[in-house]
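J.: Below you will find the structure I want to go over with you.
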Amino acid sequence: MCFMDRFSIVIGDIAQSDAECIVNAANCSLLGGSGVDGAIHHAAGPELLAECRTLGGCETGQAKITRGYNLKAKYVIHTPGPVWQGGGAGEAALLASCYRSCLRLAEQYNVASIDFPSISTGVFGYPLPQAASVALHAIMSFLNEHDHPQYVRMVCHSQNAADIYRYTWNALFADDKSSCL
Ligand code: ADP
């Protein structure tokens with residue numbers, strides 16, 4: 001199967017995902033927040049926060065894994081994205097590192113399918129078009145080089161975000177797809 005067919009963009013609530021593993025757009029405390037973080041903790045139940053309390057936080061661009069508790073997902077990978085500061089503070093490298101760190105952990109845990117939210121593009125203020133480009137480069141190059149995880153989805157919360165991710169994917173990769181076996 002062409003590695004490009006292992007990726008898709010969908011609209012939905014990541015807390016309701018049926019993937020084996022979901023990614024949480026966390027903050028460095030790993031002790032909960034708003035947006036994706038709030039939705040995941042709400043759906044997973046208090047045991048998730050209890051496990052997060054044992055982890056000692058997480059640095060921006062890194063990732064830590066927990067169980068999924070009441071979620072359909074078996075695992076949650078928590079990654080704090082960078083706060084947007086105008087683009088000159090290493091935000092792109094840190095955001096790419098979030099995606100790679102999550103994908104490496106998923107590979108180590110033999111995860112078949114993983115769903116990502118659009119990290120950093122809510123409270124952390126990263127502009128969606130730039131974030132989409134960084135996210136898609138990081139994900140597609142990982143899939144090109146690794147057989148696991150087998151399936152990756154970007155779960156967008158709005159039609160607008162999905163449109164931006166699809167437009168960006170087409171601009172970056174559609175030409176390569178015809179030559180992909
Ligand atoms: P960050 O702090 O990394 O910016 P947020 O959770 O505030 O994280 O937002 C990240 C992105 O996730 C935003 O684009 C937001 O619209 C989207 N989002 C918010 N809630 C959900 C959800 N339940 N499922 C999927 N995406 C969500």
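Residue names in the structure tokens use chain letters A, B, ... in the order shown, residue numbers from 1 in each chain, and ligand numbers from 1 in the order shown.
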Using only C-alpha atoms and all ligand atoms, what are the residues with an atom within 9 Å of ligand 1, set out as a VMD selection string?
T.: chain A and resid 11 to 17 24 to 27 33 to 40 79 to 84 116 to 126 128 154 to 158 161
J.: Extract, using only C-alpha atoms, all DNA, RNA and protein residues at most 9 Å from A:Ala92, discarding same-chain residues fewer than 5 positions from it, and format them as a VMD selection string.
T.: chain A and resid 82 87 97 130 to 131 134
J.: Determine, counting only C-alpha atoms, which protein, DNA and RNA residues have an atom within 12 Å of an atom of A:Met1; residues of the same chain fewer than 5 positions away are not included. Present the result as a list in words.
T.: Arg6, Phe7, Leu143, Asn144, Asp147, Gln150, Tyr151, Lys177, Cys180 and Leu181 of chain A
J.: Convert the current residue selection to file output with C-alpha atoms, as a compact mmCIF listing (two decimals), in the first residue's frame.
T.:
# COMPACT_ATOMS: atom_id res chain seq x y z
CA ARG A 6 -2.37 5.47 5.20
CA PHE A 7 -3.34 9.09 5.96
CA LEU A 143 4.74 7.42 7.18
CA ASN A 144 7.10 7.27 4.22
CA ASP A 147 5.43 0.92 8.56
CA GLN A 150 -0.35 1.85 9.93
CA TYR A 151 -3.08 4.51 9.85
CA LYS A 177 0.62 10.65 -5.36
CA CYS A 180 3.39 6.42 -5.23
CA LEU A 181 3.08 2.63 -5.25
J.: Please provide as a PyMOL selection string all residues within 9 Å of A:His146, with the sequence filter that same-chain residues fewer than 5 positions apart are discarded (counting only C-alpha atoms).
T.: chain A and resi 3+107+141
J.: For those residues, write N, CA, C and O atoms to a file as a JSON list (two decimals), in the first residue's frame.
T.:
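Listed below is the output, result-v4.json:
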[["chain", "number", "residue", "atom", "x", "y", "z"],
["A", 3, "PHE", "N", 2.24, 4.70, 1.03],
["A", 3, "PHE", "CA", 2.18, 5.33, 2.36],
["A", 3, "PHE", "C", 1.16, 6.47, 2.39],
["A", 3, "PHE", "O", 0.59, 6.77, 3.44],
["A", 107, "GLU", "N", 4.64, 4.01, 17.46],
["A", 107, "GLU", "CA", 5.37, 2.90, 16.84],
["A", 107, "GLU", "C", 5.89, 1.95, 17.91],
["A", 107, "GLU", "O", 5.75, 0.73, 17.81],
["A", 141, "SER", "N", 6.26, 12.45, 6.13],
["A", 141, "SER", "CA", 7.62, 11.91, 6.03],
["A", 141, "SER", "C", 7.80, 10.74, 7.00],
["A", 141, "SER", "O", 8.49, 9.77, 6.67]]
J.: Could you list, as a PyMOL selection string, every residue within 8 Å of A:Tyr75, counting only C-alpha atoms and ignoring same-chain residues fewer than 5 positions away?
T.: chain A and resi 20-22+65-68
J.: Out of A:Asp175, A:Pro129, A:Met4, A:Leu48, which residue has the shortest atom-to-atom distance to A:Phe142 when counting only C-alpha atoms?
T.: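 Of all the options, A:Met4 lies closest to A:Phe142.
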J.: With only C-alpha atoms as the basis for distance, which of A:Glu91, A:Met140, A:Ala73, A:Asp176 is at the shortest distance from A:Val111?
T.: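 Under the stated criterion, the closest residue is A:Ala73.
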J.: Rounded to one decimal in Å, what is the spacing between atom CA of A:Ala44 and atom CA of A:Leu30?
T.: 14.2 Å
J.: Just list the residues in chain A DSSP gives strand (DSSP E or B) on the backbone, as a ChimeraX atom specification.
T.: /A:7-11,21-26,64-67,75-80,113-116,151-156
J.: Could you give me, as an mmCIF file with all heavy atoms, in the first residue's frame, the residues within 8 Å of A:Ser29, counting only C-alpha atoms and dropping anything in the same chain fewer than 5 positions from it?
T.:
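Output file out-v2.cif is given in full below:
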data_model
loop_
_atom_site.group_PDB
_atom_site.id
_atom_site.type_symbol
_atom_site.label_atom_id
_atom_site.label_comp_id
_atom_site.auth_asym_id
_atom_site.auth_seq_id
_atom_site.Cartn_x
_atom_site.Cartn_y
_atom_site.Cartn_z
ATOM 1 N N GLY A 56 4.941 13.822 35.950
ATOM 2 C CA GLY A 56 5.899 14.908 36.162
ATOM 3 C C GLY A 56 5.952 15.916 35.022
ATOM 4 O O GLY A 56 6.998 16.497 34.745
ATOM 5 N N GLY A 57 4.848 16.110 34.326
ATOM 6 C CA GLY A 57 4.811 17.105 33.248
ATOM 7 C C GLY A 57 5.518 16.622 31.996
ATOM 8 O O GLY A 57 5.982 15.475 31.931
ATOM 9 N N CYS A 58 5.599 17.521 31.014
ATOM 10 C CA CYS A 58 6.212 17.153 29.726
ATOM 11 C C CYS A 58 6.698 18.431 29.064
ATOM 12 O O CYS A 58 6.031 19.458 29.116
ATOM 13 C CB CYS A 58 5.158 16.463 28.848
ATOM 14 S SG CYS A 58 5.788 15.850 27.274
#
J.: Given only C-alpha atoms as the basis, pick out the residue of A:Leu94, A:Val76, A:Cys28, A:Ala19 nearest to A:His41.
T.: A:Val76
J.: Write out as a PDB file with all heavy atoms, in the first residue's frame each polymer residue whose atoms come within 8 Å of stretch 165-171 of chain A, counting only C-alpha atoms; drop sequence neighbours fewer than 5 positions from it.
T.:
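Saved as selection_9.pdb:
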ATOM      1  N   ILE A   9      -7.889  12.912   6.385  1.00  0.00           N
ATOM      2  CA  ILE A   9      -8.318  14.102   7.122  1.00  0.00           C
ATOM      3  C   ILE A   9      -9.819  13.978   7.333  1.00  0.00           C
ATOM      4  O   ILE A   9     -10.559  13.780   6.369  1.00  0.00           O
ATOM      5  CB  ILE A   9      -7.984  15.371   6.318  1.00  0.00           C
ATOM      6  CG1 ILE A   9      -6.456  15.501   6.147  1.00  0.00           C
ATOM      7  CG2 ILE A   9      -8.576  16.617   6.995  1.00  0.00           C
ATOM      8  CD1 ILE A   9      -6.029  16.448   5.046  1.00  0.00           C
ATOM      9  N   PRO A 129      -2.973  27.682   8.640  1.00  0.00           N
ATOM     10  CA  PRO A 129      -2.268  27.276   7.412  1.00  0.00           C
ATOM     11  C   PRO A 129      -0.818  26.879   7.680  1.00  0.00           C
ATOM     12  O   PRO A 129      -0.339  25.869   7.148  1.00  0.00           O
ATOM     13  CB  PRO A 129      -2.348  28.528   6.528  1.00  0.00           C
ATOM     14  CG  PRO A 129      -3.530  29.282   7.048  1.00  0.00           C
ATOM     15  CD  PRO A 129      -3.559  29.022   8.524  1.00  0.00           C
ATOM     16  N   ALA A 132      -0.763  23.562   9.578  1.00  0.00           N
ATOM     17  CA  ALA A 132      -1.115  22.434   8.705  1.00  0.00           C
ATOM     18  C   ALA A 132       0.096  21.995   7.887  1.00  0.00           C
ATOM     19  O   ALA A 132       0.363  20.799   7.737  1.00  0.00           O
ATOM     20  CB  ALA A 132      -2.270  22.830   7.788  1.00  0.00           C
ATOM     21  N   SER A 133       0.834  22.949   7.378  1.00  0.00           N
ATOM     22  CA  SER A 133       2.014  22.613   6.579  1.00  0.00           C
ATOM     23  C   SER A 133       3.037  21.846   7.416  1.00  0.00           C
ATOM     24  O   SER A 133       3.567  20.805   6.990  1.00  0.00           O
ATOM     25  CB  SER A 133       2.610  23.913   6.026  1.00  0.00           C
ATOM     26  OG  SER A 133       3.820  23.656   5.394  1.00  0.00           O
ATOM     27  N   LEU A 136       1.584  18.286   8.338  1.00  0.00           N
ATOM     28  CA  LEU A 136       1.502  17.342   7.213  1.00  0.00           C
ATOM     29  C   LEU A 136       2.885  16.904   6.744  1.00  0.00           C
ATOM     30  O   LEU A 136       3.089  15.727   6.433  1.00  0.00           O
ATOM     31  CB  LEU A 136       0.694  17.976   6.073  1.00  0.00           C
ATOM     32  CG  LEU A 136      -0.777  18.202   6.433  1.00  0.00           C
ATOM     33  CD1 LEU A 136      -1.468  19.051   5.369  1.00  0.00           C
ATOM     34  CD2 LEU A 136      -1.506  16.872   6.623  1.00  0.00           C
TER      35      LEU A 136
END
J.: Please identify the helix (DSSP H, G or I) residues within stretch 33-161 of chain A (assignment by DSSP from backbone atoms) and present them as a short mmCIF file (atom, residue, chain, number, x, y, z; two decimals) with N, CA, C and O atoms, in the first residue's frame.
T.:
data_model
loop_
_atom_site.label_atom_id
_atom_site.label_comp_id
_atom_site.auth_asym_id
_atom_site.auth_seq_id
_atom_site.Cartn_x
_atom_site.Cartn_y
_atom_site.Cartn_z
N GLY A 35 -10.29 23.07 25.49
CA GLY A 35 -10.20 22.55 24.13
C GLY A 35 -10.10 21.02 24.10
O GLY A 35 -10.86 20.32 24.77
N VAL A 36 -9.16 20.53 23.31
CA VAL A 36 -8.97 19.08 23.16
C VAL A 36 -8.72 18.43 24.51
O VAL A 36 -9.30 17.38 24.83
N ASP A 37 -7.86 19.04 25.30
CA ASP A 37 -7.48 18.51 26.62
C ASP A 37 -8.73 18.32 27.49
O ASP A 37 -8.93 17.25 28.10
N GLY A 38 -9.59 19.34 27.54
CA GLY A 38 -10.80 19.26 28.35
C GLY A 38 -11.73 18.16 27.85
O GLY A 38 -12.28 17.38 28.64
N ALA A 39 -11.89 18.08 26.52
CA ALA A 39 -12.80 17.08 25.95
C ALA A 39 -12.29 15.66 26.23
O ALA A 39 -13.07 14.76 26.56
N ILE A 40 -10.99 15.45 26.12
CA ILE A 40 -10.43 14.12 26.35
C ILE A 40 -10.55 13.73 27.82
O ILE A 40 -10.99 12.61 28.14
N HIS A 41 -10.18 14.64 28.73
CA HIS A 41 -10.30 14.30 30.16
C HIS A 41 -11.75 14.07 30.55
O HIS A 41 -12.05 13.18 31.35
N HIS A 42 -12.65 14.86 30.00
CA HIS A 42 -14.07 14.70 30.32
C HIS A 42 -14.56 13.30 29.91
O HIS A 42 -15.25 12.61 30.67
N ALA A 43 -14.17 12.89 28.71
CA ALA A 43 -14.64 11.59 28.20
C ALA A 43 -13.89 10.42 28.85
O ALA A 43 -14.46 9.33 29.00
N ALA A 44 -12.63 10.63 29.22
CA ALA A 44 -11.83 9.52 29.77
C ALA A 44 -12.15 9.24 31.23
O ALA A 44 -12.00 8.11 31.70
N PRO A 46 -11.84 10.53 35.58
CA PRO A 46 -10.80 11.03 36.49
C PRO A 46 -9.54 10.18 36.57
O PRO A 46 -8.49 10.67 36.98
N GLU A 47 -9.62 8.92 36.19
CA GLU A 47 -8.41 8.08 36.26
C GLU A 47 -7.32 8.59 35.31
O GLU A 47 -6.13 8.39 35.57
N LEU A 48 -7.73 9.23 34.22
CA LEU A 48 -6.72 9.76 33.29
C LEU A 48 -5.90 10.85 33.97
O LEU A 48 -4.67 10.86 33.90
N LEU A 49 -6.59 11.76 34.65
CA LEU A 49 -5.87 12.83 35.36
C LEU A 49 -4.97 12.24 36.45
O LEU A 49 -3.84 12.69 36.65
N ALA A 50 -5.46 11.21 37.12
CA ALA A 50 -4.65 10.56 38.17
C ALA A 50 -3.36 10.00 37.56
O ALA A 50 -2.27 10.17 38.14
N GLU A 51 -3.43 9.36 36.40
CA GLU A 51 -2.20 8.85 35.78
C GLU A 51 -1.31 10.00 35.32
O GLU A 51 -0.09 9.96 35.49
N CYS A 52 -1.93 11.05 34.75
CA CYS A 52 -1.13 12.20 34.30
C CYS A 52 -0.36 12.83 35.46
O CYS A 52 0.77 13.31 35.27
N ARG A 53 -0.96 12.82 36.65
CA ARG A 53 -0.29 13.40 37.83
C ARG A 53 1.02 12.69 38.16
O ARG A 53 1.90 13.26 38.78
N GLU A 91 8.98 27.90 16.75
CA GLU A 91 7.68 27.22 16.85
C GLU A 91 7.54 26.07 15.86
O GLU A 91 7.00 25.01 16.20
N ALA A 92 8.00 26.27 14.62
CA ALA A 92 7.80 25.22 13.60
C ALA A 92 8.56 23.96 13.96
O ALA A 92 8.03 22.84 13.85
N ALA A 93 9.80 24.11 14.43
CA ALA A 93 10.60 22.93 14.80
C ALA A 93 9.96 22.21 15.98
O ALA A 93 9.93 20.98 16.03
N LEU A 94 9.45 22.98 16.94
CA LEU A 94 8.81 22.36 18.11
C LEU A 94 7.52 21.65 17.71
O LEU A 94 7.23 20.55 18.20
N LEU A 95 6.75 22.27 16.82
CA LEU A 95 5.50 21.63 16.40
C LEU A 95 5.79 20.34 15.63
O LEU A 95 5.15 19.30 15.87
N ALA A 96 6.76 20.37 14.74
CA ALA A 96 7.14 19.14 14.01
C ALA A 96 7.59 18.07 15.00
O ALA A 96 7.27 16.89 14.85
N SER A 97 8.32 18.49 16.02
CA SER A 97 8.80 17.55 17.03
C SER A 97 7.64 16.89 17.78
O SER A 97 7.70 15.71 18.13
N CYS A 98 6.56 17.65 18.04
CA CYS A 98 5.36 17.05 18.67
C CYS A 98 4.86 15.87 17.85
O CYS A 98 4.62 14.78 18.37
N TYR A 99 4.66 16.10 16.55
CA TYR A 99 4.12 15.04 15.69
C TYR A 99 5.06 13.85 15.64
O TYR A 99 4.64 12.69 15.78
N ARG A 100 6.35 14.11 15.48
CA ARG A 100 7.32 13.00 15.40
C ARG A 100 7.39 12.24 16.72
O ARG A 100 7.43 11.01 16.73
N SER A 101 7.38 12.96 17.85
CA SER A 101 7.47 12.28 19.15
C SER A 101 6.26 11.38 19.36
O SER A 101 6.40 10.26 19.88
N CYS A 102 5.08 11.86 18.98
CA CYS A 102 3.87 11.04 19.12
C CYS A 102 3.93 9.82 18.22
O CYS A 102 3.59 8.70 18.64
N LEU A 103 4.38 10.00 17.01
CA LEU A 103 4.42 8.88 16.06
C LEU A 103 5.46 7.85 16.50
O LEU A 103 5.22 6.64 16.39
N ARG A 104 6.59 8.30 17.05
CA ARG A 104 7.61 7.37 17.55
C ARG A 104 7.06 6.55 18.70
O ARG A 104 7.26 5.34 18.78
N LEU A 105 6.36 7.21 19.64
CA LEU A 105 5.76 6.48 20.77
C LEU A 105 4.72 5.48 20.28
O LEU A 105 4.67 4.34 20.75
N ALA A 106 3.90 5.90 19.34
CA ALA A 106 2.88 4.99 18.79
C ALA A 106 3.54 3.78 18.15
O ALA A 106 3.08 2.64 18.31
N GLU A 107 4.64 4.01 17.46
CA GLU A 107 5.37 2.90 16.84
C GLU A 107 5.89 1.95 17.91
O GLU A 107 5.75 0.73 17.81
N GLN A 108 6.48 2.52 18.97
CA GLN A 108 7.01 1.68 20.06
C GLN A 108 5.93 0.83 20.71
O GLN A 108 6.18 -0.28 21.14
N LEU A 128 -3.54 28.43 11.47
CA LEU A 128 -3.87 27.12 10.90
C LEU A 128 -3.09 26.78 9.62
O LEU A 128 -2.59 25.67 9.51
N PRO A 129 -2.97 27.68 8.64
CA PRO A 129 -2.27 27.28 7.41
C PRO A 129 -0.82 26.88 7.68
O PRO A 129 -0.34 25.87 7.15
N GLN A 130 -0.13 27.66 8.52
CA GLN A 130 1.26 27.31 8.83
C GLN A 130 1.34 26.01 9.63
O GLN A 130 2.19 25.16 9.39
N ALA A 131 0.44 25.85 10.59
CA ALA A 131 0.45 24.63 11.40
C ALA A 131 0.15 23.41 10.54
O ALA A 131 0.74 22.34 10.72
N ALA A 132 -0.76 23.56 9.58
CA ALA A 132 -1.12 22.43 8.71
C ALA A 132 0.10 21.99 7.89
O ALA A 132 0.36 20.80 7.74
N SER A 133 0.83 22.95 7.38
CA SER A 133 2.01 22.61 6.58
C SER A 133 3.04 21.85 7.42
O SER A 133 3.57 20.80 6.99
N VAL A 134 3.30 22.32 8.62
CA VAL A 134 4.27 21.64 9.51
C VAL A 134 3.77 20.25 9.86
O VAL A 134 4.52 19.26 9.79
N ALA A 135 2.50 20.15 10.24
CA ALA A 135 1.92 18.87 10.66
C ALA A 135 1.99 17.85 9.53
O ALA A 135 2.41 16.71 9.72
N LEU A 136 1.58 18.29 8.34
CA LEU A 136 1.50 17.34 7.21
C LEU A 136 2.88 16.90 6.74
O LEU A 136 3.09 15.73 6.43
N HIS A 137 3.85 17.82 6.71
CA HIS A 137 5.23 17.41 6.38
C HIS A 137 5.73 16.37 7.38
O HIS A 137 6.31 15.35 6.99
N ALA A 138 5.51 16.62 8.66
CA ALA A 138 6.03 15.70 9.70
C ALA A 138 5.36 14.33 9.60
O ALA A 138 6.03 13.30 9.65
N ILE A 139 4.04 14.33 9.43
CA ILE A 139 3.31 13.05 9.38
C ILE A 139 3.67 12.27 8.12
O ILE A 139 3.98 11.08 8.18
N MET A 140 3.64 12.94 6.97
CA MET A 140 3.85 12.20 5.72
C MET A 140 5.29 11.68 5.63
O MET A 140 5.52 10.58 5.13
N SER A 141 6.26 12.45 6.13
CA SER A 141 7.62 11.91 6.03
C SER A 141 7.80 10.74 7.00
O SER A 141 8.49 9.77 6.67
N PHE A 142 7.13 10.77 8.16
CA PHE A 142 7.21 9.62 9.07
C PHE A 142 6.58 8.39 8.41
O PHE A 142 7.15 7.28 8.45
N LEU A 143 5.41 8.56 7.82
CA LEU A 143 4.74 7.42 7.18
C LEU A 143 5.57 6.85 6.04
O LEU A 143 5.59 5.63 5.81
N ASN A 144 6.26 7.72 5.34
CA ASN A 144 7.10 7.27 4.22
C ASN A 144 8.25 6.39 4.71
O ASN A 144 8.68 5.48 4.00
N GLU A 145 8.70 6.65 5.95
CA GLU A 145 9.89 5.95 6.46
C GLU A 145 9.58 4.83 7.44
O GLU A 145 10.48 4.08 7.81
N GLN A 159 -15.29 22.49 9.72
CA GLN A 159 -15.17 22.39 8.27
C GLN A 159 -14.03 23.29 7.79
O GLN A 159 -13.24 22.89 6.92
N ASN A 160 -13.91 24.47 8.38
CA ASN A 160 -12.86 25.40 7.95
C ASN A 160 -11.47 24.80 8.15
O ASN A 160 -10.61 24.86 7.27
N ALA A 161 -11.24 24.19 9.32
CA ALA A 161 -9.93 23.58 9.58
C ALA A 161 -9.68 22.43 8.61
O ALA A 161 -8.58 22.29 8.06
#
J.: Hey, can you check how far atom CA of A:Ala112 sits from atom CA of A:Arg153?
T.: 11.5 Å
J.: Rounded to one decimal in Å, what is the spacing between atom CA of A:Ile77 and atom CA of A:Asp115?
T.: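 For atom CA of A:Ile77 relative to atom CA of A:Asp115, the distance reads 9.9 Å.
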